[in-house]
file model_11.pdb (PDB, C-alpha atoms)
ATOM      1  CA  MET A   1      19.762   9.501 -14.568  1.00  0.00           C
ATOM      2  CA  ILE A   2      18.144   7.254 -11.992  1.00  0.00           C
ATOM      3  CA  GLN A   3      20.019   6.881  -8.726  1.00  0.00           C
ATOM      4  CA  LEU A   4      19.694   5.858  -5.080  1.00  0.00           C
ATOM      5  CA  THR A   5      22.441   7.398  -3.022  1.00  0.00           C
ATOM      6  CA  ARG A   6      23.720   7.479   0.549  1.00  0.00           C
ATOM      7  CA  ASP A   7      25.497  10.785  -0.139  1.00  0.00           C
ATOM      8  CA  GLN A   8      24.178  14.350  -0.052  1.00  0.00           C
ATOM      9  CA  ILE A   9      22.550  15.271  -3.364  1.00  0.00           C
ATOM     10  CA  ASP A  10      24.338  18.008  -5.309  1.00  0.00           C
ATOM     11  CA  ILE A  11      21.296  19.750  -6.802  1.00  0.00           C
ATOM     12  CA  GLU A  12      23.314  22.203  -8.921  1.00  0.00           C
ATOM     13  CA  GLU A  13      25.235  19.385 -10.566  1.00  0.00           C
ATOM     14  CA  PHE A  14      22.112  17.665 -11.866  1.00  0.00           C
ATOM     15  CA  ILE A  15      20.559  20.924 -13.082  1.00  0.00           C
ATOM     16  CA  ARG A  16      23.780  21.799 -14.915  1.00  0.00           C
ATOM     17  CA  LYS A  17      23.851  18.382 -16.607  1.00  0.00           C
ATOM     18  CA  ALA A  18      20.227  18.763 -17.761  1.00  0.00           C
ATOM     19  CA  LYS A  19      21.003  21.974 -19.671  1.00  0.00           C
ATOM     20  CA  THR A  20      21.465  21.346 -23.387  1.00  0.00           C
ATOM     21  CA  PRO A  21      20.909  23.651 -26.360  1.00  0.00           C
ATOM     22  CA  ARG A  22      17.451  22.130 -26.925  1.00  0.00           C
ATOM     23  CA  ILE A  23      16.218  23.072 -23.441  1.00  0.00           C
ATOM     24  CA  GLY A  24      14.007  26.076 -22.785  1.00  0.00           C
ATOM     25  CA  GLY A  25      13.032  25.256 -19.222  1.00  0.00           C
ATOM     26  CA  ILE A  26      13.873  22.994 -16.299  1.00  0.00           C
ATOM     27  CA  VAL A  27      11.390  22.067 -13.564  1.00  0.00           C
ATOM     28  CA  THR A  28      12.652  20.516 -10.338  1.00  0.00           C
ATOM     29  CA  PHE A  29      10.991  18.935  -7.345  1.00  0.00           C
ATOM     30  CA  ILE A  30      13.082  18.840  -4.184  1.00  0.00           C
ATOM     31  CA  GLY A  31      11.750  16.839  -1.242  1.00  0.00           C
ATOM     32  CA  VAL A  32      13.243  17.953   2.075  1.00  0.00           C
ATOM     33  CA  VAL A  33      13.299  16.509   5.615  1.00  0.00           C
ATOM     34  CA  ARG A  34      10.808  18.624   7.582  1.00  0.00           C
ATOM     35  CA  ASP A  35      11.216  19.332  11.297  1.00  0.00           C
ATOM     36  CA  ASP A  36       8.239  17.514  12.789  1.00  0.00           C
ATOM     37  CA  GLY A  37       9.954  17.332  16.159  1.00  0.00           C
ATOM     38  CA  ILE A  38      12.278  14.597  14.931  1.00  0.00           C
ATOM     39  CA  LEU A  39      15.967  14.007  15.501  1.00  0.00           C
ATOM     40  CA  SER A  40      16.606  12.309  12.168  1.00  0.00           C
ATOM     41  CA  LEU A  41      14.994  10.300   9.399  1.00  0.00           C
ATOM     42  CA  GLU A  42      16.102   6.828   8.283  1.00  0.00           C
ATOM     43  CA  LEU A  43      15.296   5.868   4.697  1.00  0.00           C
ATOM     44  CA  GLU A  44      15.188   2.235   3.694  1.00  0.00           C
ATOM     45  CA  SER A  45      14.620   0.801   0.223  1.00  0.00           C
ATOM     46  CA  TYR A  46      14.319  -2.458  -1.660  1.00  0.00           C
ATOM     47  CA  GLU A  47      17.092  -1.187  -3.865  1.00  0.00           C
ATOM     48  CA  GLU A  48      16.902  -3.384  -6.960  1.00  0.00           C
ATOM     49  CA  ALA A  49      13.109  -3.114  -7.143  1.00  0.00           C
ATOM     50  CA  ALA A  50      13.163   0.633  -6.399  1.00  0.00           C
ATOM     51  CA  LEU A  51      15.636   1.293  -9.233  1.00  0.00           C
ATOM     52  CA  GLN A  52      13.553  -0.828 -11.582  1.00  0.00           C
ATOM     53  CA  GLU A  53      10.377   1.075 -10.620  1.00  0.00           C
ATOM     54  CA  LEU A  54      12.075   4.476 -10.923  1.00  0.00           C
ATOM     55  CA  GLU A  55      13.275   3.571 -14.417  1.00  0.00           C
ATOM     56  CA  LYS A  56       9.769   2.466 -15.337  1.00  0.00           C
ATOM     57  CA  ILE A  57       8.107   5.734 -14.283  1.00  0.00           C
ATOM     58  CA  ARG A  58      10.894   7.764 -15.937  1.00  0.00           C
ATOM     59  CA  ASP A  59      10.291   5.843 -19.204  1.00  0.00           C
ATOM     60  CA  GLU A  60       6.543   6.499 -18.887  1.00  0.00           C
ATOM     61  CA  ALA A  61       7.158  10.229 -18.442  1.00  0.00           C
ATOM     62  CA  MET A  62       9.487  10.318 -21.461  1.00  0.00           C
ATOM     63  CA  LYS A  63       6.795   8.625 -23.549  1.00  0.00           C
ATOM     64  CA  ASP A  64       3.768  10.588 -22.322  1.00  0.00           C
ATOM     65  CA  PHE A  65       5.185  14.124 -22.137  1.00  0.00           C
ATOM     66  CA  ASP A  66       7.117  16.223 -24.618  1.00  0.00           C
ATOM     67  CA  ILE A  67      10.299  16.486 -22.545  1.00  0.00           C
ATOM     68  CA  GLU A  68      14.008  16.075 -23.241  1.00  0.00           C
ATOM     69  CA  SER A  69      15.143  14.405 -20.032  1.00  0.00           C
ATOM     70  CA  ALA A  70      13.991  13.310 -16.572  1.00  0.00           C
ATOM     71  CA  ASP A  71      16.325  12.518 -13.693  1.00  0.00           C
ATOM     72  CA  ILE A  72      15.374  11.108 -10.297  1.00  0.00           C
ATOM     73  CA  ILE A  73      17.883  10.944  -7.450  1.00  0.00           C
ATOM     74  CA  HIS A  74      16.650   9.558  -4.114  1.00  0.00           C
ATOM     75  CA  ARG A  75      18.517   9.428  -0.817  1.00  0.00           C
ATOM     76  CA  ILE A  76      18.635   6.375   1.417  1.00  0.00           C
ATOM     77  CA  GLY A  77      20.244   5.964   4.827  1.00  0.00           C
ATOM     78  CA  LYS A  78      20.215   8.442   7.703  1.00  0.00           C
ATOM     79  CA  LEU A  79      19.118  12.030   6.959  1.00  0.00           C
ATOM     80  CA  ALA A  80      19.031  15.204   9.064  1.00  0.00           C
ATOM     81  CA  ILE A  81      16.438  17.988   9.085  1.00  0.00           C
ATOM     82  CA  GLY A  82      16.831  20.077   5.934  1.00  0.00           C
ATOM     83  CA  ASP A  83      18.528  17.323   3.915  1.00  0.00           C
ATOM     84  CA  THR A  84      17.307  16.672   0.402  1.00  0.00           C
ATOM     85  CA  ILE A  85      15.302  13.414   0.263  1.00  0.00           C
ATOM     86  CA  VAL A  86      14.619  13.389  -3.440  1.00  0.00           C
ATOM     87  CA  LEU A  87      15.525  15.475  -6.473  1.00  0.00           C
ATOM     88  CA  ILE A  88      13.556  15.305  -9.716  1.00  0.00           C
ATOM     89  CA  VAL A  89      14.858  17.299 -12.673  1.00  0.00           C
ATOM     90  CA  VAL A  90      12.749  17.530 -15.826  1.00  0.00           C
ATOM     91  CA  ALA A  91      14.078  19.417 -18.824  1.00  0.00           C
ATOM     92  CA  ALA A  92      12.004  20.358 -21.867  1.00  0.00           C
ATOM     93  CA  ALA A  93      11.819  22.786 -24.748  1.00  0.00           C
ATOM     94  CA  HIS A  94       8.729  24.375 -23.142  1.00  0.00           C
ATOM     95  CA  ARG A  95       7.760  24.729 -19.486  1.00  0.00           C
ATOM     96  CA  LYS A  96       4.229  23.330 -19.465  1.00  0.00           C
ATOM     97  CA  GLU A  97       5.195  19.779 -20.366  1.00  0.00           C
ATOM     98  CA  ALA A  98       8.051  19.911 -17.849  1.00  0.00           C
ATOM     99  CA  PHE A  99       5.703  20.958 -15.004  1.00  0.00           C
ATOM    100  CA  LYS A 100       3.233  18.200 -15.883  1.00  0.00           C
ATOM    101  CA  ALA A 101       5.921  15.527 -16.145  1.00  0.00           C
ATOM    102  CA  CYS A 102       7.528  16.560 -12.852  1.00  0.00           C
ATOM    103  CA  GLU A 103       4.226  16.317 -10.976  1.00  0.00           C
ATOM    104  CA  PHE A 104       3.500  12.953 -12.581  1.00  0.00           C
ATOM    105  CA  LEU A 105       6.903  11.638 -11.473  1.00  0.00           C
ATOM    106  CA  ILE A 106       6.677  12.646  -7.808  1.00  0.00           C
ATOM    107  CA  ASP A 107       3.076  11.411  -7.551  1.00  0.00           C
ATOM    108  CA  ARG A 108       3.951   8.030  -9.040  1.00  0.00           C
ATOM    109  CA  LEU A 109       7.122   7.751  -6.961  1.00  0.00           C
ATOM    110  CA  LYS A 110       5.082   8.163  -3.782  1.00  0.00           C
ATOM    111  CA  GLU A 111       2.606   5.510  -4.938  1.00  0.00           C
ATOM    112  CA  THR A 112       4.823   2.715  -6.194  1.00  0.00           C
ATOM    113  CA  VAL A 113       8.548   2.953  -5.418  1.00  0.00           C
ATOM    114  CA  PRO A 114       9.543   0.672  -2.497  1.00  0.00           C
ATOM    115  CA  ILE A 115      11.104   3.177  -0.095  1.00  0.00           C
ATOM    116  CA  TRP A 116      10.168   3.703   3.571  1.00  0.00           C
ATOM    117  CA  LYS A 117      10.881   6.347   6.207  1.00  0.00           C
ATOM    118  CA  LYS A 118      11.484   5.879   9.903  1.00  0.00           C
ATOM    119  CA  GLU A 119      11.385   8.898  12.193  1.00  0.00           C
ATOM    120  CA  GLU A 120      13.764   9.023  15.125  1.00  0.00           C
ATOM    121  CA  THR A 121      12.452  11.136  18.002  1.00  0.00           C
ATOM    122  CA  GLU A 122      13.426  11.609  21.629  1.00  0.00           C
ATOM    123  CA  ASP A 123      10.653   9.152  22.556  1.00  0.00           C
ATOM    124  CA  GLY A 124      11.844   6.430  20.191  1.00  0.00           C
ATOM    125  CA  SER A 125      11.292   5.655  16.555  1.00  0.00           C
ATOM    126  CA  ARG A 126       8.345   4.921  14.282  1.00  0.00           C
ATOM    127  CA  TRP A 127       7.732   4.024  10.653  1.00  0.00           C
ATOM    128  CA  ILE A 128       5.833   6.694   8.759  1.00  0.00           C
ATOM    129  CA  PRO A 129       2.712   4.958   7.450  1.00  0.00           C
ATOM    130  CA  GLY A 130       2.474   4.803   3.656  1.00  0.00           C
ATOM    131  CA  GLU A 131      -0.748   5.895   1.999  1.00  0.00           C
ATOM    132  CA  HIS A 132      -0.715   3.544  -0.932  1.00  0.00           C
ATOM    133  CA  GLY A 133      -1.449  -0.110  -0.336  1.00  0.00           C
TER     134      GLY A 133
ATOM    135  CA  MET B   1      11.891 -26.183  -2.967  1.00  0.00           C
ATOM    136  CA  ARG B   2      13.602 -23.189  -1.498  1.00  0.00           C
ATOM    137  CA  VAL B   3      12.522 -19.558  -1.798  1.00  0.00           C
ATOM    138  CA  GLN B   4      14.253 -16.449  -0.521  1.00  0.00           C
ATOM    139  CA  VAL B   5      12.117 -14.062   1.521  1.00  0.00           C
ATOM    140  CA  LYS B   6      13.231 -10.450   1.834  1.00  0.00           C
ATOM    141  CA  ALA B   7      11.371  -8.269   4.327  1.00  0.00           C
ATOM    142  CA  PHE B   8      11.478  -4.487   4.563  1.00  0.00           C
ATOM    143  CA  ALA B   9      10.672  -1.693   7.027  1.00  0.00           C
ATOM    144  CA  GLY B  10       8.398  -2.891   9.857  1.00  0.00           C
ATOM    145  CA  PHE B  11       8.267  -6.414   8.412  1.00  0.00           C
ATOM    146  CA  ARG B  12      12.062  -6.598   8.408  1.00  0.00           C
ATOM    147  CA  GLU B  13      12.059  -5.836  12.114  1.00  0.00           C
ATOM    148  CA  ILE B  14       9.582  -8.664  12.757  1.00  0.00           C
ATOM    149  CA  LEU B  15      10.746 -11.295  10.253  1.00  0.00           C
ATOM    150  CA  GLY B  16      14.421 -10.485   9.805  1.00  0.00           C
ATOM    151  CA  PRO B  17      15.860  -9.108   6.560  1.00  0.00           C
ATOM    152  CA  ASP B  18      16.526 -12.300   4.650  1.00  0.00           C
ATOM    153  CA  ILE B  19      14.992 -15.740   5.213  1.00  0.00           C
ATOM    154  CA  ALA B  20      15.606 -18.925   3.225  1.00  0.00           C
ATOM    155  CA  LEU B  21      12.370 -20.916   3.408  1.00  0.00           C
ATOM    156  CA  GLU B  22      11.780 -24.565   2.496  1.00  0.00           C
ATOM    157  CA  LEU B  23       8.292 -25.063   1.058  1.00  0.00           C
ATOM    158  CA  PRO B  24       6.445 -28.035  -0.451  1.00  0.00           C
ATOM    159  CA  GLU B  25       6.249 -28.083  -4.264  1.00  0.00           C
ATOM    160  CA  GLY B  26       3.212 -26.185  -5.526  1.00  0.00           C
ATOM    161  CA  SER B  27       3.060 -23.825  -2.542  1.00  0.00           C
ATOM    162  CA  THR B  28       1.293 -20.526  -3.136  1.00  0.00           C
ATOM    163  CA  LEU B  29       1.974 -17.073  -1.722  1.00  0.00           C
ATOM    164  CA  THR B  30      -0.816 -17.612   0.795  1.00  0.00           C
ATOM    165  CA  GLY B  31       0.905 -20.859   1.825  1.00  0.00           C
ATOM    166  CA  LEU B  32       4.172 -18.996   2.293  1.00  0.00           C
ATOM    167  CA  LEU B  33       2.498 -16.326   4.467  1.00  0.00           C
ATOM    168  CA  GLU B  34       0.773 -19.001   6.551  1.00  0.00           C
ATOM    169  CA  GLY B  35       4.106 -20.766   6.998  1.00  0.00           C
ATOM    170  CA  LEU B  36       5.671 -17.537   8.247  1.00  0.00           C
ATOM    171  CA  GLY B  37       2.683 -16.924  10.545  1.00  0.00           C
ATOM    172  CA  ARG B  38       3.211 -20.292  12.235  1.00  0.00           C
ATOM    173  CA  ARG B  39       6.654 -19.156  13.347  1.00  0.00           C
ATOM    174  CA  SER B  40       5.262 -16.897  16.074  1.00  0.00           C
ATOM    175  CA  PRO B  41       2.053 -15.178  17.239  1.00  0.00           C
ATOM    176  CA  GLY B  42       3.719 -11.820  16.581  1.00  0.00           C
ATOM    177  CA  ILE B  43       4.359 -12.692  12.940  1.00  0.00           C
ATOM    178  CA  GLN B  44       0.820 -14.087  12.553  1.00  0.00           C
ATOM    179  CA  LYS B  45      -0.614 -10.819  13.887  1.00  0.00           C
ATOM    180  CA  ALA B  46       1.582  -8.725  11.583  1.00  0.00           C
ATOM    181  CA  LEU B  47       0.479 -10.641   8.478  1.00  0.00           C
ATOM    182  CA  PHE B  48      -3.151 -11.706   9.064  1.00  0.00           C
ATOM    183  CA  ASP B  49      -6.420 -10.303  10.379  1.00  0.00           C
ATOM    184  CA  ASP B  50      -8.647 -12.139  12.887  1.00  0.00           C
ATOM    185  CA  GLN B  51     -10.329 -14.063  10.050  1.00  0.00           C
ATOM    186  CA  GLY B  52      -6.992 -15.341   8.784  1.00  0.00           C
ATOM    187  CA  MET B  53      -6.964 -13.099   5.706  1.00  0.00           C
ATOM    188  CA  PRO B  54      -3.687 -11.355   4.776  1.00  0.00           C
ATOM    189  CA  LEU B  55      -3.760  -7.731   5.950  1.00  0.00           C
ATOM    190  CA  LYS B  56      -4.109  -4.959   3.372  1.00  0.00           C
ATOM    191  CA  SER B  57      -0.797  -3.571   4.581  1.00  0.00           C
ATOM    192  CA  VAL B  58       1.039  -6.703   3.361  1.00  0.00           C
ATOM    193  CA  ILE B  59       2.483  -5.999  -0.086  1.00  0.00           C
ATOM    194  CA  ILE B  60       4.298  -8.706  -2.011  1.00  0.00           C
ATOM    195  CA  MET B  61       6.630  -8.824  -4.978  1.00  0.00           C
ATOM    196  CA  VAL B  62       7.780 -12.080  -6.553  1.00  0.00           C
ATOM    197  CA  ASN B  63      11.032 -11.676  -8.465  1.00  0.00           C
ATOM    198  CA  LYS B  64      10.536  -7.880  -8.224  1.00  0.00           C
ATOM    199  CA  LYS B  65       7.066  -7.965  -9.757  1.00  0.00           C
ATOM    200  CA  ARG B  66       4.150  -6.717  -7.670  1.00  0.00           C
ATOM    201  CA  GLN B  67       1.409  -9.305  -6.981  1.00  0.00           C
ATOM    202  CA  THR B  68      -2.192  -8.272  -6.377  1.00  0.00           C
ATOM    203  CA  ARG B  69      -3.933  -9.511  -3.242  1.00  0.00           C
ATOM    204  CA  ALA B  70      -6.336 -11.498  -5.423  1.00  0.00           C
ATOM    205  CA  GLU B  71      -3.316 -13.453  -6.718  1.00  0.00           C
ATOM    206  CA  PHE B  72      -1.959 -14.501  -3.309  1.00  0.00           C
ATOM    207  CA  GLY B  73      -3.983 -17.720  -3.232  1.00  0.00           C
ATOM    208  CA  SER B  74      -3.282 -18.769  -6.813  1.00  0.00           C
ATOM    209  CA  ARG B  75       0.295 -17.565  -7.379  1.00  0.00           C
ATOM    210  CA  GLU B  76       2.437 -20.698  -7.221  1.00  0.00           C
ATOM    211  CA  LEU B  77       6.047 -20.339  -6.201  1.00  0.00           C
ATOM    212  CA  HIS B  78       9.049 -22.026  -7.752  1.00  0.00           C
ATOM    213  CA  ASP B  79      12.469 -23.044  -6.528  1.00  0.00           C
ATOM    214  CA  GLY B  80      14.763 -20.014  -6.344  1.00  0.00           C
ATOM    215  CA  ASP B  81      11.989 -17.397  -6.337  1.00  0.00           C
ATOM    216  CA  GLU B  82      12.658 -14.160  -4.456  1.00  0.00           C
ATOM    217  CA  VAL B  83       9.642 -13.026  -2.450  1.00  0.00           C
ATOM    218  CA  ALA B  84       9.659  -9.502  -0.999  1.00  0.00           C
ATOM    219  CA  ILE B  85       7.244  -8.523   1.784  1.00  0.00           C
ATOM    220  CA  TYR B  86       6.739  -4.886   2.668  1.00  0.00           C
ATOM    221  CA  PRO B  87       4.232  -2.287   3.925  1.00  0.00           C
ATOM    222  CA  PRO B  88       2.739   0.564   1.852  1.00  0.00           C
ATOM    223  CA  VAL B  89       5.554   2.691   0.466  1.00  0.00           C
ATOM    224  CA  ALA B  90       6.423   6.144   1.829  1.00  0.00           C
ATOM    225  CA  GLY B  91       9.242   7.553  -0.284  1.00  0.00           C
ATOM    226  CA  GLY B  92       9.683  11.028  -1.751  1.00  0.00           C
TER     227      GLY B  92
END

call {"tool": "encode", "arguments": {"input": "model_11.pdb", "output": "structure tokens"}}
result
Amino acid sequence: MIQLTRDQIDIEEFIRKAKTPRIGGIVTFIGVVRDDGILSLELESYEEAALQELEKIRDEAMKDFDIESADIIHRIGKLAIGDTIVLIVVAAAHRKEAFKACEFLIDRLKETVPIWKKEETEDGSRWIPGEHG
Amino acid sequence: MRVQVKAFAGFREILGPDIALELPEGSTLTGLLEGLGRRSPGIQKALFDDQGMPLKSVIIMVNKKRQTRAEFGSRELHDGDEVAIYPPVAGG
């Protein structure tokens, strides 16, 4: 499943759905709002393009790694410290391919998916600079 | 012809989220950026360096397809195109 959501992400639900009789291991990546002296974090996206890009990298992972499923759920909107920003769930028969696919997915997501973060602090707000131009 | 410009993050705050722009037939992406730059010195400074070259932090999609910087000058636009302008991404 590929999803952008304004609601809290129910991690357990997505892990439960990934479990099928063919699965021997599930690898997850959970991105969390860190307390860098901020009040909150605002996530903005170019939704249609972000969904399209997320589907593209998911399809690449399914093709390049021996895995059964890959799900990416990304929050948008206003988040608090400790909230889940992104959940990636990769399920496979064997763990090694699942680890590799999960790392590939979060690395590519950070490079190409049009999503931005704005920190709100007591001194005002600022966009977190992206690293990939 | 008319194109729809969508701006995100810092560019949204400068340009506004959604702009309908009238352009002459045959306009390129560079032409569109220059047209936006003429709207105000603030916009010009957000999009271009001192030599008038688009800044590296200006990323563009046309109809949800990423365009390389080398294509800005040659990529012709067409009536109804959706042009998205945004800074380097920072999701995850």

call {"tool": "closest_residue", "arguments": {"input": "model_11.pdb", "among": "B:Gly80, B:Gly73, B:Pro24, B:Pro41", "to": "Val5 of chain B", "atoms": "only C-alpha atoms"}}
result
B:Gly80

call {"tool": "interface_residues", "arguments": {"input": "model_11.pdb", "of": "chain A", "to": "chain B", "cutoff": "12 Å", "atoms": "all atoms listed in the file", "output": "ChimeraX atom specification"}}
result
/A:4,29-33,41-54,72-76,84-88,103,105-119,125-133

call {"tool": "resolve_selection", "arguments": {"input": "model_11.pdb", "expression": "the PyMOL selection byres ((chain B and resi 25) around 10)", "output": "list in words"}}
result
Met1, Arg2, Glu22, Leu23, Pro24, Gly26, Ser27, Thr28, Glu76, Leu77, His78 and Asp79 of chain B

call {"tool": "atom_distance", "arguments": {"input": "model_11.pdb", "atom1": "atom CA of Asp18 of chain B", "atom2": "atom CA of Glu120 of chain A"}}
result
23.9 Å

call {"tool": "closest_residue", "arguments": {"input": "model_11.pdb", "among": "A:Ile23, A:Cys102, A:Val89, A:Ala61", "to": "Ile11 of chain A", "atoms": "only C-alpha atoms"}}
result
A:Val89

call {"tool": "residues_around", "arguments": {"input": "model_11.pdb", "residues": "Pro54 of chain B", "least_positions_apart": "2", "cutoff": "12 Å", "atoms": "all atoms listed in the file", "output": "PDB file with C-alpha atoms, in the coordinates of the input"}}
result
ATOM      1  CA  LEU B  29       1.974 -17.073  -1.722  1.00  0.00           C
ATOM      2  CA  THR B  30      -0.816 -17.612   0.795  1.00  0.00           C
ATOM      3  CA  GLY B  31       0.905 -20.859   1.825  1.00  0.00           C
ATOM      4  CA  LEU B  32       4.172 -18.996   2.293  1.00  0.00           C
ATOM      5  CA  LEU B  33       2.498 -16.326   4.467  1.00  0.00           C
ATOM      6  CA  GLU B  34       0.773 -19.001   6.551  1.00  0.00           C
ATOM      7  CA  LEU B  36       5.671 -17.537   8.247  1.00  0.00           C
ATOM      8  CA  GLY B  37       2.683 -16.924  10.545  1.00  0.00           C
ATOM      9  CA  ILE B  43       4.359 -12.692  12.940  1.00  0.00           C
ATOM     10  CA  GLN B  44       0.820 -14.087  12.553  1.00  0.00           C
ATOM     11  CA  LYS B  45      -0.614 -10.819  13.887  1.00  0.00           C
ATOM     12  CA  ALA B  46       1.582  -8.725  11.583  1.00  0.00           C
ATOM     13  CA  LEU B  47       0.479 -10.641   8.478  1.00  0.00           C
ATOM     14  CA  PHE B  48      -3.151 -11.706   9.064  1.00  0.00           C
ATOM     15  CA  ASP B  49      -6.420 -10.303  10.379  1.00  0.00           C
ATOM     16  CA  ASP B  50      -8.647 -12.139  12.887  1.00  0.00           C
ATOM     17  CA  GLN B  51     -10.329 -14.063  10.050  1.00  0.00           C
ATOM     18  CA  GLY B  52      -6.992 -15.341   8.784  1.00  0.00           C
ATOM     19  CA  LYS B  56      -4.109  -4.959   3.372  1.00  0.00           C
ATOM     20  CA  SER B  57      -0.797  -3.571   4.581  1.00  0.00           C
ATOM     21  CA  VAL B  58       1.039  -6.703   3.361  1.00  0.00           C
ATOM     22  CA  ILE B  59       2.483  -5.999  -0.086  1.00  0.00           C
ATOM     23  CA  ILE B  60       4.298  -8.706  -2.011  1.00  0.00           C
ATOM     24  CA  THR B  68      -2.192  -8.272  -6.377  1.00  0.00           C
ATOM     25  CA  ARG B  69      -3.933  -9.511  -3.242  1.00  0.00           C
ATOM     26  CA  ALA B  70      -6.336 -11.498  -5.423  1.00  0.00           C
ATOM     27  CA  GLU B  71      -3.316 -13.453  -6.718  1.00  0.00           C
ATOM     28  CA  PHE B  72      -1.959 -14.501  -3.309  1.00  0.00           C
ATOM     29  CA  GLY B  73      -3.983 -17.720  -3.232  1.00  0.00           C
ATOM     30  CA  ILE B  85       7.244  -8.523   1.784  1.00  0.00           C
TER      31      ILE B  85
END

call {"tool": "resolve_selection", "arguments": {"input": "model_11.pdb", "expression": "the PyMOL selection byres ((chain A and resi 26) around 9)", "output": "VMD selection string"}}
result
chain A and resid 15 18 to 19 23 to 25 27 to 28 89 to 95 98 to 99

call {"tool": "atom_distance", "arguments": {"input": "model_11.pdb", "atom1": "atom CA of Gln67 of chain B", "atom2": "atom CA of Lys63 of chain A"}}
result
25.0 Å

call {"tool": "resolve_selection", "arguments": {"input": "model_11.pdb", "expression": "the PyMOL selection byres ((chain B and resi 4) around 6)", "output": "PyMOL selection string"}}
result
chain B and resi 3+5+19-20+82

call {"tool": "closest_residue", "arguments": {"input": "model_11.pdb", "among": "A:Lys96, A:Met1, A:Ile81, A:Ala101", "to": "Leu39 of chain A", "atoms": "all atoms listed in the file"}}
result
A:Ile81

call {"tool": "atom_distance", "arguments": {"input": "model_11.pdb", "atom1": "atom CA of Gln3 of chain A", "atom2": "atom CA of Phe11 of chain B"}}
result
24.7 Å

call {"tool": "axis_aligned_box", "arguments": {"input": "model_11.pdb", "around": "segment 66-85 of chain A", "padding_each_side": "4 Å", "output": "lines of an AutoDock Vina configuration file"}}
result
center_x = 13.7
center_y = 13.0
center_z = -7.8
size_x = 21.1
size_y = 22.1
size_z = 41.7
